[in-house]
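Below is the file start.cif, which contains mmCIF, C-alpha atoms and all ligand atoms.
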data_work
#
loop_
_atom_site.label_atom_id
_atom_site.label_comp_id
_atom_site.auth_asym_id
_atom_site.auth_seq_id
_atom_site.Cartn_x
_atom_site.Cartn_y
_atom_site.Cartn_z
CA MET A 586 83.55 28.10 1.73
CA THR A 587 80.32 29.81 0.76
CA CYS A 588 77.76 30.63 3.38
CA ASP A 589 74.28 29.13 3.00
CA VAL A 590 72.38 32.41 2.96
CA PHE A 591 69.07 30.58 2.66
CA ALA A 592 69.64 29.13 6.12
CA ILE A 593 70.16 32.53 7.70
CA ALA A 594 67.06 34.12 6.12
CA ASN A 595 64.00 34.53 8.35
CA VAL A 596 61.98 31.32 8.44
CA GLY A 597 58.94 33.07 7.00
CA VAL A 598 60.96 34.43 4.10
CA GLN A 599 62.40 30.98 3.32
CA GLY A 600 58.90 29.75 2.51
CA LEU A 601 57.95 32.70 0.29
CA HIS A 602 57.54 32.57 -3.47
CA PRO A 603 58.04 35.79 -5.42
CA TYR A 604 54.87 37.59 -6.51
CA GLN A 605 54.14 36.78 -10.15
CA PRO A 606 53.26 39.96 -12.02
CA GLY A 607 51.35 40.12 -15.29
CA LYS A 608 53.60 39.58 -18.29
CA PRO A 609 54.94 42.92 -19.56
CA ILE A 610 53.95 43.88 -23.13
CA GLU A 611 57.60 44.39 -24.19
CA GLU A 612 58.54 40.91 -22.99
CA LEU A 613 55.87 39.24 -25.12
CA GLN A 614 56.81 41.40 -28.11
CA ARG A 615 60.45 40.34 -27.71
CA GLU A 616 59.57 36.67 -27.34
CA LEU A 617 57.14 36.35 -30.22
CA GLY A 618 58.13 39.23 -32.48
CA LEU A 619 54.57 40.57 -32.31
CA ASP A 620 53.83 44.20 -33.19
CA SER A 621 50.54 44.60 -31.51
CA VAL A 622 49.96 43.23 -28.05
CA VAL A 623 46.99 43.83 -25.77
CA LYS A 624 47.61 43.55 -22.04
CA LEU A 625 44.58 42.87 -19.90
CA ALA A 626 46.52 41.32 -17.05
CA SER A 627 47.28 43.77 -14.26
CA ASN A 628 44.06 45.72 -13.67
CA GLU A 629 45.66 48.86 -15.05
CA ASN A 630 43.63 51.81 -16.26
CA PRO A 631 43.12 51.43 -20.03
CA LEU A 632 42.68 55.19 -20.52
CA GLY A 633 46.34 55.92 -19.88
CA PRO A 634 47.18 58.51 -17.23
CA SER A 635 45.18 61.65 -16.51
CA SER A 636 46.79 64.45 -18.54
CA LEU A 637 46.60 66.73 -15.50
CA ALA A 638 48.44 64.12 -13.42
CA ALA A 639 51.07 63.56 -16.11
CA ALA A 640 51.67 67.33 -16.41
CA ALA A 641 52.03 67.66 -12.64
CA ALA A 642 54.50 64.77 -12.49
CA GLN A 643 56.45 66.34 -15.35
CA ALA A 644 56.55 69.72 -13.64
CA SER A 645 57.80 68.10 -10.44
CA LEU A 646 60.91 66.75 -12.16
CA LYS A 647 62.81 69.97 -11.49
CA GLN A 648 62.79 68.91 -7.84
CA LEU A 649 64.31 65.48 -8.46
CA HIS A 650 67.42 66.34 -6.47
CA LEU A 651 65.34 66.90 -3.33
CA TYR A 652 63.93 64.41 -0.89
CA PRO A 653 60.15 64.38 -0.93
CA ASP A 654 58.16 65.91 1.94
CA ALA A 655 58.29 62.97 4.36
CA SER A 656 55.08 64.09 6.04
CA GLY A 657 53.12 64.30 2.79
CA PHE A 658 51.60 67.50 4.17
CA GLU A 659 49.88 68.76 1.04
CA LEU A 660 48.45 65.44 -0.11
CA LYS A 661 47.23 64.44 3.34
CA ASN A 662 45.50 67.80 3.74
CA LYS A 663 43.79 67.48 0.40
CA LEU A 664 42.67 63.91 1.12
CA ALA A 665 41.52 64.85 4.61
CA GLU A 666 39.29 67.54 3.17
CA LYS A 667 37.95 65.33 0.40
CA LEU A 668 37.23 62.38 2.70
CA SER A 669 36.16 64.40 5.79
CA VAL A 670 38.68 62.77 8.11
CA GLY A 671 41.60 64.16 10.11
CA VAL A 672 45.05 64.77 8.64
CA ASP A 673 46.46 62.67 11.49
CA GLN A 674 44.50 59.62 10.30
CA PHE A 675 46.61 59.03 7.16
CA THR A 676 49.52 56.77 6.35
CA LEU A 677 50.93 57.31 2.87
CA GLY A 678 52.36 54.31 1.06
CA ASN A 679 54.46 53.38 -1.93
CA GLY A 680 51.28 51.91 -3.37
CA SER A 681 48.70 50.59 -0.93
CA ASN A 682 50.73 47.38 -1.00
CA ASP A 683 53.28 49.25 1.09
CA VAL A 684 50.58 50.11 3.64
CA LEU A 685 49.50 46.45 3.81
CA ASP A 686 53.14 45.55 4.52
CA LEU A 687 53.40 48.27 7.18
CA ILE A 688 50.32 46.85 8.88
CA ALA A 689 51.87 43.37 8.92
CA ARG A 690 55.18 44.69 10.26
CA THR A 691 53.47 46.82 12.89
CA PHE A 692 51.08 44.26 14.31
CA LEU A 693 52.24 40.76 13.31
CA SER A 694 55.23 38.59 14.17
CA ALA A 695 56.04 34.97 15.01
CA GLY A 696 53.50 33.96 17.64
CA SER A 697 50.59 35.93 16.17
CA SER A 698 48.16 35.20 13.38
CA ALA A 699 46.15 36.93 10.66
CA VAL A 700 42.83 35.84 9.16
CA PHE A 701 41.96 36.20 5.49
CA SER A 702 39.87 34.34 2.95
CA GLN A 703 40.66 31.73 0.37
CA TYR A 704 40.93 33.48 -3.05
CA ALA A 705 41.74 36.81 -1.35
CA PHE A 706 44.44 39.15 -2.66
CA ILE A 707 47.83 37.36 -2.80
CA VAL A 708 49.68 40.15 -1.02
CA TYR A 709 48.06 39.16 2.33
CA PRO A 710 49.74 35.73 2.58
CA ILE A 711 53.04 37.24 1.44
CA ALA A 712 52.95 40.09 3.98
CA VAL A 713 51.89 37.77 6.80
CA GLN A 714 54.44 35.09 6.09
CA ALA A 715 57.31 37.53 5.58
CA VAL A 716 57.04 38.62 9.21
CA GLY A 717 56.80 35.04 10.46
CA ALA A 718 53.14 35.22 11.51
CA ARG A 719 50.63 32.44 10.99
CA ALA A 720 47.98 32.70 8.27
CA ILE A 721 44.48 31.45 9.05
CA ILE A 722 42.73 31.04 5.73
CA THR A 723 38.96 30.57 5.76
CA PRO A 724 37.15 28.73 2.97
CA ALA A 725 35.39 31.01 0.49
CA LYS A 726 31.65 31.12 0.02
CA ASP A 727 30.52 31.58 -3.61
CA TRP A 728 34.10 32.63 -4.43
CA GLY A 729 33.86 35.44 -1.87
CA HIS A 730 34.66 36.09 1.78
CA ASP A 731 32.61 34.04 4.25
CA LEU A 732 32.41 36.59 7.04
CA ASP A 733 30.84 34.19 9.54
CA ALA A 734 33.69 31.76 8.98
CA MET A 735 36.20 34.62 9.28
CA ALA A 736 34.75 35.84 12.58
CA ALA A 737 34.74 32.28 13.91
CA ALA A 738 38.35 31.75 12.80
CA ILE A 739 39.73 34.55 14.98
CA GLU A 740 41.96 33.00 17.65
CA ALA A 741 43.51 34.34 20.85
CA ASP A 742 46.71 35.29 18.98
CA THR A 743 44.93 36.86 15.97
CA LYS A 744 45.86 40.49 15.52
CA VAL A 745 44.80 41.34 11.97
CA VAL A 746 41.96 40.42 9.60
CA PHE A 747 42.39 41.33 5.93
CA ILE A 748 39.31 41.94 3.77
CA ALA A 749 39.43 43.08 0.16
CA ASN A 750 36.24 44.83 -0.89
CA PRO A 751 35.77 44.36 -3.81
CA ASN A 752 38.07 41.36 -3.81
CA ASN A 753 40.82 40.66 -6.32
CA PRO A 754 40.98 38.27 -8.26
CA THR A 755 37.29 37.36 -7.93
CA GLY A 756 35.66 40.81 -8.16
CA ASN A 757 32.85 40.08 -5.73
CA TYR A 758 31.92 42.36 -2.85
CA LEU A 759 30.50 42.49 0.66
CA ASN A 760 27.53 44.76 1.24
CA ARG A 761 27.15 47.33 4.02
CA ASP A 762 24.97 45.20 6.31
CA ALA A 763 27.22 42.16 6.05
CA LEU A 764 30.32 44.18 6.86
CA ALA A 765 28.63 46.07 9.71
CA ALA A 766 27.47 42.80 11.28
CA PHE A 767 30.98 41.40 10.98
CA LEU A 768 32.66 44.42 12.56
CA ALA A 769 30.25 44.23 15.49
CA LYS A 770 31.47 40.69 16.16
CA VAL A 771 35.23 41.27 15.93
CA PRO A 772 37.01 41.89 19.25
CA GLU A 773 38.26 45.49 19.43
CA HIS A 774 41.89 44.39 19.85
CA VAL A 775 41.84 42.78 16.40
CA ILE A 776 42.70 45.11 13.51
CA VAL A 777 40.34 44.85 10.52
CA VAL A 778 41.88 45.99 7.25
CA LEU A 779 39.35 47.01 4.61
CA ASP A 780 41.32 47.00 1.35
CA GLU A 781 39.33 49.23 -1.00
CA ALA A 782 41.62 49.33 -4.03
CA TYR A 783 38.65 49.14 -6.40
CA ILE A 784 36.03 51.14 -4.49
CA GLU A 785 35.72 53.82 -7.19
CA TYR A 786 34.38 51.17 -9.58
CA ALA A 787 31.81 49.72 -7.18
CA GLU A 788 28.73 51.61 -8.18
CA VAL A 789 25.96 49.77 -6.33
CA ASP A 790 23.81 51.32 -3.61
CA ASP A 791 24.61 48.82 -0.89
CA PHE A 792 28.38 49.06 -1.34
CA PRO A 793 29.93 50.18 1.97
CA ASP A 794 32.34 53.10 2.24
CA GLY A 795 34.80 51.71 4.80
CA LEU A 796 35.50 55.22 6.11
CA THR A 797 32.00 55.35 7.59
CA PHE A 798 33.03 52.61 10.06
CA LEU A 799 36.01 54.53 11.41
CA ALA A 800 34.02 56.64 13.88
CA GLU A 801 32.49 53.59 15.53
CA TYR A 802 35.39 51.13 15.24
CA SER A 803 38.85 52.29 16.26
CA ASN A 804 40.30 48.96 15.04
CA VAL A 805 39.51 49.55 11.34
CA ILE A 806 42.11 50.53 8.74
CA VAL A 807 40.87 51.44 5.25
CA THR A 808 43.44 51.22 2.45
CA ARG A 809 43.02 52.92 -0.92
CA THR A 810 45.17 53.43 -3.97
CA PHE A 811 45.85 55.73 -6.89
CA SER A 812 46.83 52.70 -9.01
CA LYS A 813 43.45 51.67 -10.39
CA ALA A 814 40.66 54.14 -11.16
CA TYR A 815 43.09 57.08 -10.76
CA GLY A 816 45.48 55.53 -13.27
CA LEU A 817 48.82 56.02 -11.48
CA ALA A 818 49.99 52.41 -10.99
CA GLY A 819 53.47 53.21 -12.31
CA LEU A 820 54.10 55.94 -9.74
CA ARG A 821 53.31 53.76 -6.69
CA ILE A 822 51.10 55.70 -4.33
CA GLY A 823 48.32 54.68 -1.97
CA TYR A 824 47.28 55.35 1.60
CA GLY A 825 45.69 54.03 4.76
CA VAL A 826 43.03 55.80 6.85
CA SER A 827 42.63 54.76 10.46
CA SER A 828 42.43 56.12 13.99
CA PRO A 829 45.21 58.65 14.73
CA GLN A 830 46.70 56.09 17.17
CA ILE A 831 47.04 53.41 14.48
CA ALA A 832 48.33 55.96 11.95
CA ASP A 833 50.97 57.03 14.47
CA LEU A 834 52.17 53.42 14.84
CA LEU A 835 52.23 52.77 11.09
CA ASN A 836 54.11 56.01 10.50
CA ARG A 837 56.81 54.92 12.96
CA VAL A 838 57.51 51.86 10.81
CA ARG A 839 57.11 53.62 7.46
CA ALA A 840 60.30 54.47 5.58
CA PRO A 841 60.47 58.29 5.79
CA PHE A 842 60.60 59.01 2.05
CA ASN A 843 58.48 56.12 0.78
CA VAL A 844 56.40 58.23 -1.61
CA SER A 845 58.18 60.13 -4.39
CA ILE A 846 57.75 63.75 -5.39
CA PRO A 847 56.28 62.92 -8.85
CA ALA A 848 53.86 60.46 -7.22
CA MET A 849 52.59 63.00 -4.70
CA SER A 850 52.38 65.72 -7.37
CA ALA A 851 50.43 63.50 -9.74
CA ALA A 852 48.11 62.29 -6.98
CA LEU A 853 47.31 65.88 -5.97
CA ALA A 854 46.50 66.71 -9.58
CA VAL A 855 44.39 63.66 -10.36
CA LEU A 856 42.20 64.35 -7.33
CA ASP A 857 41.07 67.45 -9.22
CA ASP A 858 40.58 65.60 -12.50
CA HIS A 859 36.96 64.70 -11.95
CA ASP A 860 36.44 64.13 -15.65
CA TYR A 861 39.19 61.50 -15.72
CA LEU A 862 37.68 59.58 -12.82
CA ARG A 863 34.24 59.74 -14.41
CA ARG A 864 35.60 58.42 -17.71
CA SER A 865 37.48 55.65 -15.87
CA GLN A 866 34.24 54.58 -14.27
CA GLN A 867 32.22 54.80 -17.49
CA VAL A 868 34.75 52.91 -19.61
CA ASN A 869 34.98 50.29 -16.90
CA SER A 870 31.29 49.66 -16.43
CA ALA A 871 30.81 49.46 -20.21
CA GLY A 872 33.81 47.13 -20.45
CA VAL A 873 32.59 44.81 -17.69
CA LYS A 874 29.24 44.56 -19.48
CA GLN A 875 31.00 43.91 -22.80
CA LEU A 876 33.18 41.14 -21.35
CA CYS A 877 30.29 39.50 -19.52
CA ALA A 878 28.07 39.60 -22.62
CA GLY A 879 30.95 38.01 -24.55
CA PHE A 880 31.29 35.26 -21.96
CA ASP A 881 27.53 34.69 -22.04
CA ASP A 882 27.74 34.26 -25.82
CA LEU A 883 30.54 31.75 -25.41
CA GLY A 884 28.66 29.91 -22.65
CA LEU A 885 31.42 30.54 -20.13
CA PRO A 886 30.55 31.17 -16.47
CA TYR A 887 32.16 34.15 -14.73
CA ILE A 888 32.13 35.72 -11.28
CA PRO A 889 30.06 38.96 -11.20
CA SER A 890 32.61 41.75 -10.66
CA MET A 891 32.64 45.15 -8.99
CA GLY A 892 36.26 45.68 -10.02
CA ASN A 893 38.01 46.50 -13.28
CA PHE A 894 38.44 42.84 -14.18
CA VAL A 895 36.37 39.69 -14.56
CA ALA A 896 37.32 36.14 -13.59
CA VAL A 897 36.00 33.76 -16.25
CA GLU A 898 35.82 30.00 -15.77
CA LEU A 899 36.93 27.69 -18.55
CA PRO A 900 35.87 24.08 -19.00
CA CYS A 901 39.55 23.07 -18.88
CA ASP A 902 42.86 23.99 -17.26
CA ALA A 903 43.35 27.71 -17.94
CA MET A 904 47.12 27.56 -18.41
CA PRO A 905 47.16 26.26 -22.02
CA VAL A 906 44.47 28.79 -22.93
CA TYR A 907 46.54 31.57 -21.36
CA GLN A 908 49.54 30.39 -23.44
CA ALA A 909 47.46 30.19 -26.62
CA LEU A 910 46.14 33.72 -26.03
CA LEU A 911 49.75 34.93 -25.68
CA GLN A 912 50.47 33.51 -29.13
CA LYS A 913 47.64 35.72 -30.40
CA GLY A 914 49.14 38.76 -28.67
CA VAL A 915 46.67 38.91 -25.79
CA ILE A 916 47.99 38.89 -22.21
CA VAL A 917 45.53 37.97 -19.46
CA ARG A 918 46.18 36.58 -15.99
CA PRO A 919 46.09 32.92 -15.03
CA VAL A 920 45.13 32.58 -11.36
CA GLY A 921 46.55 29.17 -10.52
CA VAL A 922 48.49 30.74 -7.63
CA TYR A 923 45.08 31.56 -6.15
CA GLN A 924 44.08 27.90 -6.51
CA MET A 925 41.69 28.81 -9.29
CA PRO A 926 43.23 26.65 -12.05
CA LYS A 927 40.28 26.93 -14.44
CA HIS A 928 39.87 30.70 -14.23
CA LEU A 929 41.47 33.51 -16.16
CA ARG A 930 41.32 37.02 -14.73
CA VAL A 931 40.78 39.52 -17.52
CA SER A 932 41.27 43.22 -16.86
CA VAL A 933 38.83 45.59 -18.53
CA GLY A 934 40.39 47.31 -21.52
CA LEU A 935 39.15 49.77 -24.10
CA GLU A 936 36.28 48.53 -26.26
CA GLN A 937 38.61 47.44 -29.08
CA GLU A 938 40.93 45.62 -26.69
CA ASN A 939 38.06 43.73 -25.08
CA MET A 940 36.81 42.82 -28.56
CA ARG A 941 40.22 41.55 -29.57
CA PHE A 942 40.43 39.37 -26.45
CA LEU A 943 36.91 37.98 -26.92
CA ALA A 944 37.59 37.24 -30.59
CA ALA A 945 40.85 35.45 -29.71
CA LEU A 946 39.06 33.40 -27.06
CA LYS A 947 36.31 32.51 -29.52
CA ASN A 948 38.92 31.41 -32.06
CA LEU A 949 40.52 29.14 -29.49
CA ILE A 950 37.17 27.53 -28.80
CA ASN A 951 36.62 26.99 -32.52
CA GLU A 952 40.12 25.56 -32.84
CA GLY A 953 39.18 23.02 -30.17
CA CYS A 954 41.55 24.40 -27.55
CA PHE A 955 39.07 23.58 -24.79
CA ASP A 956 38.40 19.97 -25.86
CA LYS A 957 40.77 18.22 -23.56
C1 LIG B 1001 45.81 46.42 -7.02
C2 LIG B 1001 45.47 46.12 -5.60
C3 LIG B 1001 45.99 46.86 -4.56
C4 LIG B 1001 46.79 48.10 -4.79
O1 LIG B 1001 48.05 47.95 -5.14
P1 LIG B 1001 48.98 49.25 -5.15
O2 LIG B 1001 50.14 48.80 -4.34
O3 LIG B 1001 48.24 50.37 -4.51
O4 LIG B 1001 49.29 49.48 -6.57
C5 LIG B 1001 45.60 46.59 -3.27
N1 LIG B 1001 44.72 45.63 -3.01
C6 LIG B 1001 44.17 44.89 -3.97
C7 LIG B 1001 43.14 43.89 -3.63
C8 LIG B 1001 44.55 45.10 -5.30
O5 LIG B 1001 44.05 44.35 -6.27
#

Would you mind writing the structure in this file as structure tokens?
Amino acid sequence: MTCDVFAIANVGVQGLHPYQPGKPIEELQRELGLDSVVKLASNENPLGPSSLAAAAAQASLKQLHLYPDASGFELKNKLAEKLSVGVDQFTLGNGSNDVLDLIARTFLSAGSSAVFSQYAFIVYPIAVQAVGARAIITPAKDWGHDLDAMAAAIEADTKVVFIANPNNPTGNYLNRDALAAFLAKVPEHVIVVLDEAYIEYAEVDDFPDGLTFLAEYSNVIVTRTFSKAYGLAGLRIGYGVSSPQIADLLNRVRAPFNVSIPAMSAALAVLDDHDYLRRSQQVNSAGVKQLCAGFDDLGLPYIPSMGNFVAVELPCDAMPVYQALLQKGVIVRPVGVYQMPKHLRVSVGLEQENMRFLAALKNLINEGCFDK
């Protein structure tokens, strides 16, 4: 007799669906026998890694037989200095995704709830449901977070609110005043997570630095990552910044060696590669402009983005267009799982890659792909 393992899994886990990643380049090449494939699907840095970071990771390989420093001493000290916060305020993660999971495991369980917005980052519902907590999802306003609705949605059992700023997959952002007004309304026993995975790209004056709220609000956790503007998605490293008390709790749950030696070495190095970060930002802002101008030419609406991607709205179901783009060797991201069936999320690539995507999209329009 075989045991029904599904039945013994946690109830929250039974209802989960696996995260759907962007299609890997090699997979599409295998499937279609294509030589040249452009992937604009996972918000990766189109510049490739920082050469300083790659060299540091390489040099660290002679320590592969050792466990990493579980306390992350060197990296935390460097970040503390750079961000003007205490060393005891950090929680290092295997990507910031890991930190989001730690937050869910530390504060949520069956009998508690978390608030987040419609169209917010998909990891929030996964992390919340995996621990058996209840998700309270507030309707979006103009594709973004409706902070009034989120504040009003907080219930007696709510322990965590997740906010992505800028948000993925929509790219929109909350300004400093809006966020400050929201934090003033949230009860102090409710944790507010400010997920700032794309903050380095958000170059507008009224964009809030979540760290500035930490002094006033002991219930805030800011999460950041080396995956996007710092170009280290493959190494998996991110971090949370919070009060020392919250960091202490998160670090009790954290697996002791969750960040690898190459990841910490590369992160330390890329923090000194100011030129790389500057180029990331420049290539991105030029690329966002290029994509948006292309969408304007094609008469396609899009959501203004502060991230390294743009969500464009098609006049039809996006799935067949996604498939047709694959045939042309261009991988983008359908966002049906976000209940945005007519949108495609397109990551910013190098100029030539953006051009190739826009040309492929234009071809599809001319071929009548949208006329359905
Ligand atoms: C990409 C992303 C992250 C970061 O993921 P890592 O685990 O750090 O690679 C976090 N939040 C949002 C909203 C993202 O889009």

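Counting only C-alpha atoms and comparing A:Glu788, A:Asp686, A:Glu936, A:Asp654, the residue that lies closest to Phe842 in chain A is A:Asp654.
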
### Task
Check which residues fall inside 6 Å of ligand LIG 1001 (chain B) when counting only C-alpha atoms and all ligand atoms, and print them as a PyMOL selection string.
chain A and resi 680-682+706+749+752-753+780+782+810+812+818+821+823

With only C-alpha atoms as the atoms that count, which of A:Leu617, A:Gly756, A:Val873, A:Ala840 lies nearest to Trp728 in chain A?
->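 Smallest distance to Trp728 in chain A is found for A:Gly756.
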
In Å, how far is it from CA of Val807 in chain A to CA of Gly934 in chain A?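 CA of Val807 in chain A sits 27.1 Å away from CA of Gly934 in chain A.
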
Students should find that CA of Asp731 in chain A and CA of Tyr604 in chain A are spaced 25.0 Å

Q: Have a look at CA of Gln703 in chain A and CA of Pro724 in chain A and let me know their distance in Å, one decimal.
A: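 So the answer is 5.3 Å.
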
**OP:** Could you give me, as a ChimeraX atom specification, the residues within 9 Å of range 834-838 of chain A, counting all atoms listed in the file and dropping anything in the same chain fewer than 4 positions from it?
**Re:** /A:675-677,684,687-688,690-691,829-830

Tyr824 in chain A proximity check over A:His928, A:His650, A:Lys667, A:Arg809, using all atoms listed in the file: winner is A:Arg809

Using only C-alpha atoms, tabulate the residues of range 738-820 of chain A lying at most 8 Å from any atom of range 879-891 of chain A, each with its closest atom pair and that distance in Å to one decimal, by chain and increasing residue number, as JSON lines.
{"residue": "A:Pro751", "atom": "CA", "partner": "A:Met891", "partner_atom": "CA", "distance": 6.1}
{"residue": "A:Thr755", "atom": "CA", "partner": "A:Ile888", "partner_atom": "CA", "distance": 6.4}
{"residue": "A:Gly756", "atom": "CA", "partner": "A:Ser890", "partner_atom": "CA", "distance": 4.1}
{"residue": "A:Asn757", "atom": "CA", "partner": "A:Ser890", "partner_atom": "CA", "distance": 5.2}
{"residue": "A:Tyr758", "atom": "CA", "partner": "A:Met891", "partner_atom": "CA", "distance": 6.8}
{"residue": "A:Tyr783", "atom": "CA", "partner": "A:Met891", "partner_atom": "CA", "distance": 7.7}
{"residue": "A:Tyr786", "atom": "CA", "partner": "A:Met891", "partner_atom": "CA", "distance": 6.3}
{"residue": "A:Ala787", "atom": "CA", "partner": "A:Met891", "partner_atom": "CA", "distance": 5.0}
{"residue": "A:Glu788", "atom": "CA", "partner": "A:Met891", "partner_atom": "CA", "distance": 7.6}

- Item | For Asp620 in chain A, the nearest of the candidates A:Leu899, A:Ile707, A:Val915, A:Leu943, counting all atoms listed in the file |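 Among the listed residues, the smallest separation from Asp620 in chain A belongs to A:Val915.
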
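Nearest to Tyr652 in chain A of all the residues A:Gln937, A:Ser845, A:Ser694, A:Gln875 is A:Ser845, counting all atoms listed in the file.
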
Which residue gives the smallest distance to Pro606 in chain A among A:Val920, A:Lys947, A:Thr743, A:Ser870, with all atoms listed in the file counted?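 Of the candidates, the smallest distance to Pro606 in chain A is held by A:Val920.
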
Would you mind listing what lies within 12 Å of Met735 in chain A as a ChimeraX atom specification, with all atoms listed in the file counted and same-chain residues fewer than 2 positions away left out? /A:699-703,720-726,729-733,737-740,743,745-748,764,767-768,770-771,777

*Using all atoms listed in the file, determine which residues lie at most 8 Å from Tyr861 in chain A, disregarding the query and same-chain residues fewer than 5 positions distant; provide the list as a PyMOL selection string.*
chain A and resi 635+815+855
